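In what follows, a structure is listed as structure tokens, so that the remarks can point back to it.
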Amino acid sequence: MSSSTVITNIAALVTNDPSLGDRSPLGLVRDAAVVIEGDRVVWTGESSKAPATDNRVDAEGRAVLPGFVDSHSHLLFAGDRTEEFNARMSGRPYSAGGIRTTVAATRAASDAELEASLTRYLAEALRQGTTTFETKSGYGLTTADESRALRVAARHTDEVTFLGAHIVAPELADDPAAYVDLVTGEMLDACAPHARWIDVFCEKGAFDGDQARAILTAGKAKGLHPRIHANQLSYGPGVQLAVELDAASADHCTHLTDADVDALANSRTVATLLPGAEFSTRAQWPDARRLVDAGATVALSTDCNPGSSFTSSVPFCIALAVRDMGMTPDEAVWSATAGGAAALRRDDVGRLVPGAYADLTLLDAPSHVHLAYRPGVPLVAGVWRRGVRKV
């Protein structure tokens, strides 16, 4: 039988269960405790009512919240794009073309080099409180390179996404129809066994609405569930297509019509906002307030990638969402935990309730609000993943 541990003397515990504590969406419990047994939470509540356990951890009056759920990242790559970033910050606008630089470096890297890079960024994210992450292929753009990226990713997470449709492969740039045929045929056959999700960059310079529909529909036929890069750089069909296909998430959602907002609010599709991309490209911020007020489910994620959002820090994205996207601190924390879980269609992460995985982040602060109140400060003092303390 596994031993049990109580984390007690928690000043403020975010459970994301509105039936608990202050009955808000965060289910905030004051002077709280959490009991872990094996890899699961078995009890949450007020410290004075905590059951007896084998082990005890004193939170010393600090805050505890669910581990962050980073539901959108691109961690399978080689090289970096420092020069591109430097040039862009000196006045050149961002476009999808920069992806080709990373494609060349990734194709040239060995499996061992890709895995070493992946594990480095995962460790970096874990130190900042991320306990669940999704990651995509998309920097190989050949059948062999896409499938090997997914095989590497699948050794480290269950949330693996096939993104062969990131851009048209450089060697088929003059024949995008042939590349779509490759992605929906031979490449999909090779990649589907290693992935849970299929994604497409639906944007000018990448894939149009008809191409995106064909790619996502082919993925669904192979048992992969859709998600989509939608409406990042311009207005377009991505959000409506996401809702039509019951995609788990429409990601970026920067340029939205009223009809797009209404469609998201009346669907299961989560609007995943990626403020690191706007920060790193000096682009227009997504209007999170508009989405939240309309009743859409919103997730916050890092979009960690070498071109347009080279950050693995969910706390940084929370601070940006509060400062520049109209979210309250409570909303941003919910979106980075329970919202991310919703974008992955998971109910066993992003919450601290009996039966959920024991994924917890301990802050060196008395409240989760400090994540936005003290931007850039390394506040994560402890991380438990699946019941085991990792940080």
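Just so we're on the same page: first chain in the structure tokens is A, next is B, and so on; residues restart at 1 for each chain, and ligands are numbered from 1 in the order they show up.
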Tell me which protein, DNA and RNA residues are within 6 Å of Ala12 of chain A, counting only C-alpha atoms, leaving out same-chain ones fewer than 3 positions away, and put them as an mmCIF file with N, CA, C and O atoms, in the first residue's frame.
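So around-v3.cif came out as:
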```cif
data_model
loop_
_atom_site.group_PDB
_atom_site.id
_atom_site.type_symbol
_atom_site.label_atom_id
_atom_site.label_comp_id
_atom_site.auth_asym_id
_atom_site.auth_seq_id
_atom_site.Cartn_x
_atom_site.Cartn_y
_atom_site.Cartn_z
ATOM 1 N N VAL A 29 -9.613 27.643 -0.986
ATOM 2 C CA VAL A 29 -9.738 27.239 0.415
ATOM 3 C C VAL A 29 -8.631 27.905 1.209
ATOM 4 O O VAL A 29 -7.448 27.796 0.856
ATOM 5 N N ARG A 30 -8.998 28.606 2.287
ATOM 6 C CA ARG A 30 -8.022 29.263 3.158
ATOM 7 C C ARG A 30 -7.594 28.311 4.272
ATOM 8 O O ARG A 30 -8.366 27.456 4.698
ATOM 9 N N ALA A 63 1.036 29.553 -0.746
ATOM 10 C CA ALA A 63 -0.081 29.155 -1.604
ATOM 11 C C ALA A 63 0.265 27.876 -2.359
ATOM 12 O O ALA A 63 1.425 27.620 -2.695
ATOM 13 N N SER A 367 -0.379 33.896 -1.906
ATOM 14 C CA SER A 367 -1.550 33.891 -2.783
ATOM 15 C C SER A 367 -1.123 33.663 -4.224
ATOM 16 O O SER A 367 -0.050 34.109 -4.653
#
```
Where does segment 171-282 of chain A meet segment 300-324 of chain A within 9 Å, residue by residue, with the nearest atom pair and distance in Å to one decimal for each, counting only C-alpha atoms, listed by chain and rising number, as CSV?
```
residue,atom,partner,partner_atom,distance
A:Ala271,CA,A:Leu300,CA,8.6
A:Thr272,CA,A:Leu300,CA,5.7
A:Leu273,CA,A:Leu300,CA,5.1
A:Leu274,CA,A:Ser301,CA,5.3
A:Pro275,CA,A:Cys317,CA,5.9
A:Gly276,CA,A:Ser309,CA,5.0
A:Ala277,CA,A:Ser309,CA,4.6
A:Glu278,CA,A:Ser309,CA,8.0
A:Phe279,CA,A:Ser309,CA,7.7
A:Ser280,CA,A:Ser309,CA,5.7
A:Thr281,CA,A:Ser308,CA,6.3
```
*asked:* Neighbouring residues of Tyr139 of chain A were defined as those with any atom within 8 Å, considering only C-alpha atoms; residues of the same chain fewer than 5 positions away were excluded. Please report them as a PyMOL selection string.
replied: chain A and resi 76-77+99-100+102-103+106-107+145-146+164+166
Could you please take those selected residues and save C-alpha atoms as a compact mmCIF listing (two decimals), in the first residue's frame?
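Wrote out.txt, looks like this:
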```txt
# COMPACT_ATOMS: atom_id res chain seq x y z
CA LEU A 76 10.68 19.08 -30.92
CA PHE A 77 13.24 21.23 -32.72
CA ILE A 99 9.74 28.23 -39.68
CA ARG A 100 11.87 27.00 -42.59
CA THR A 102 14.07 25.55 -37.87
CA VAL A 103 13.01 22.86 -40.34
CA THR A 106 15.70 19.89 -37.13
CA ARG A 107 16.15 17.67 -40.17
CA ASP A 145 11.23 13.45 -39.70
CA GLU A 146 7.65 13.98 -38.51
CA GLY A 164 2.80 17.95 -40.44
CA HIS A 166 2.76 23.55 -40.03
```
*Any idea what the distance is between atom CA of Leu75 of chain A and atom CA of Leu122 of chain A?*
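A separation of 8.4 Å between them.
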*asked:* Could you list, as a PyMOL selection string, every residue within 10 Å of Ala190 of chain A, counting only C-alpha atoms and ignoring same-chain residues fewer than 5 positions away?
replied: chain A and resi 143-144+146-148+150+183+185
_DSSP helix (DSSP H, G or I) selection over segment 211-344 of chain A, as JSON, numbers by chain_ = {"A": [211, 212, 213, 214, 215, 216, 217, 218, 219, 220, 221, 238, 239, 240, 241, 242, 243, 244, 258, 259, 260, 261, 262, 263, 264, 265, 275, 276, 277, 278, 279, 280, 281, 288, 289, 290, 291, 292, 293, 294, 314, 315, 316, 317, 318, 319, 320, 321, 322, 323, 324, 329, 330, 331, 332, 333, 334, 335, 336, 337, 338, 339, 340, 341, 342, 343]}
Keeping C-alpha atoms for every residue in the selection just given, could you write it to a file as a tab-separated table (two decimals), in the first residue's frame?
```
chain	number	residue	atom	x	y	z
A	211	GLN	CA	-6.83	22.51	-47.01
A	212	ALA	CA	-7.15	22.64	-43.23
A	213	ARG	CA	-10.54	20.88	-43.35
A	214	ALA	CA	-9.12	18.12	-45.54
A	215	ILE	CA	-6.15	17.59	-43.22
A	216	LEU	CA	-8.15	17.57	-39.98
A	217	THR	CA	-10.87	15.34	-41.46
A	218	ALA	CA	-8.25	12.83	-42.61
A	219	GLY	CA	-6.75	12.88	-39.12
A	220	LYS	CA	-10.14	12.23	-37.52
A	221	ALA	CA	-10.60	9.22	-39.80
A	238	GLY	CA	-9.88	28.76	-38.53
A	239	VAL	CA	-12.16	29.32	-35.55
A	240	GLN	CA	-15.34	28.43	-37.44
A	241	LEU	CA	-13.64	25.29	-38.77
A	242	ALA	CA	-12.54	24.34	-35.26
A	243	VAL	CA	-16.10	24.55	-33.96
A	244	GLU	CA	-17.49	22.72	-37.00
A	258	ASP	CA	-18.41	38.55	-33.21
A	259	ALA	CA	-19.51	35.36	-34.98
A	260	ASP	CA	-16.22	33.69	-34.05
A	261	VAL	CA	-16.65	34.64	-30.39
A	262	ASP	CA	-20.26	33.40	-30.38
A	263	ALA	CA	-19.23	30.12	-32.01
A	264	LEU	CA	-16.59	29.48	-29.35
A	265	ALA	CA	-18.95	30.43	-26.53
A	275	PRO	CA	0.48	35.77	-25.12
A	276	GLY	CA	4.14	34.82	-25.47
A	277	ALA	CA	3.67	35.01	-29.23
A	278	GLU	CA	2.28	38.54	-29.11
A	279	PHE	CA	5.01	39.60	-26.70
A	280	SER	CA	7.74	38.17	-28.94
A	281	THR	CA	6.35	39.59	-32.19
A	288	ALA	CA	-9.35	37.63	-23.42
A	289	ARG	CA	-11.93	39.83	-21.70
A	290	ARG	CA	-14.22	39.64	-24.73
A	291	LEU	CA	-14.03	35.84	-24.78
A	292	VAL	CA	-14.53	35.38	-21.05
A	293	ASP	CA	-17.47	37.78	-20.93
A	294	ALA	CA	-19.10	35.92	-23.83
A	314	VAL	CA	3.43	29.79	-17.72
A	315	PRO	CA	3.79	32.34	-14.86
A	316	PHE	CA	5.12	34.84	-17.40
A	317	CYS	CA	2.11	34.18	-19.64
A	318	ILE	CA	-0.23	34.65	-16.67
A	319	ALA	CA	1.32	38.06	-15.97
A	320	LEU	CA	0.95	39.07	-19.63
A	321	ALA	CA	-2.69	37.94	-19.71
A	322	VAL	CA	-3.50	40.04	-16.66
A	323	ARG	CA	-1.55	43.10	-17.76
A	324	ASP	CA	-2.35	43.18	-21.47
A	329	PRO	CA	-5.52	37.17	-11.75
A	330	ASP	CA	-8.10	34.53	-10.82
A	331	GLU	CA	-9.16	34.05	-14.44
A	332	ALA	CA	-5.59	33.78	-15.68
A	333	VAL	CA	-4.65	31.15	-13.09
A	334	TRP	CA	-7.80	29.15	-13.87
A	335	SER	CA	-7.05	29.32	-17.60
A	336	ALA	CA	-3.47	28.11	-17.06
A	337	THR	CA	-4.64	25.10	-15.03
A	338	ALA	CA	-8.26	23.99	-15.51
A	339	GLY	CA	-8.49	25.81	-18.84
A	340	GLY	CA	-5.45	23.98	-20.18
A	341	ALA	CA	-6.93	20.71	-18.99
A	342	ALA	CA	-10.16	21.51	-20.86
A	343	ALA	CA	-8.12	22.19	-24.00
```
*asked:* What does the structure give for the distance between atom CA of Gly205 of chain A and atom CA of Ser234 of chain A, in Å to one decimal?
replied: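 Between atom CA of Gly205 of chain A and atom CA of Ser234 of chain A the gap works out to 11.0 Å.
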*Using DSSP on the backbone, list every residue of segment 147-245 of chain A that comes out as strand (DSSP E or B), and give them as an MDAnalysis selection string.*
chainID A and resid 160:165 197:202 207 225:226 228:230
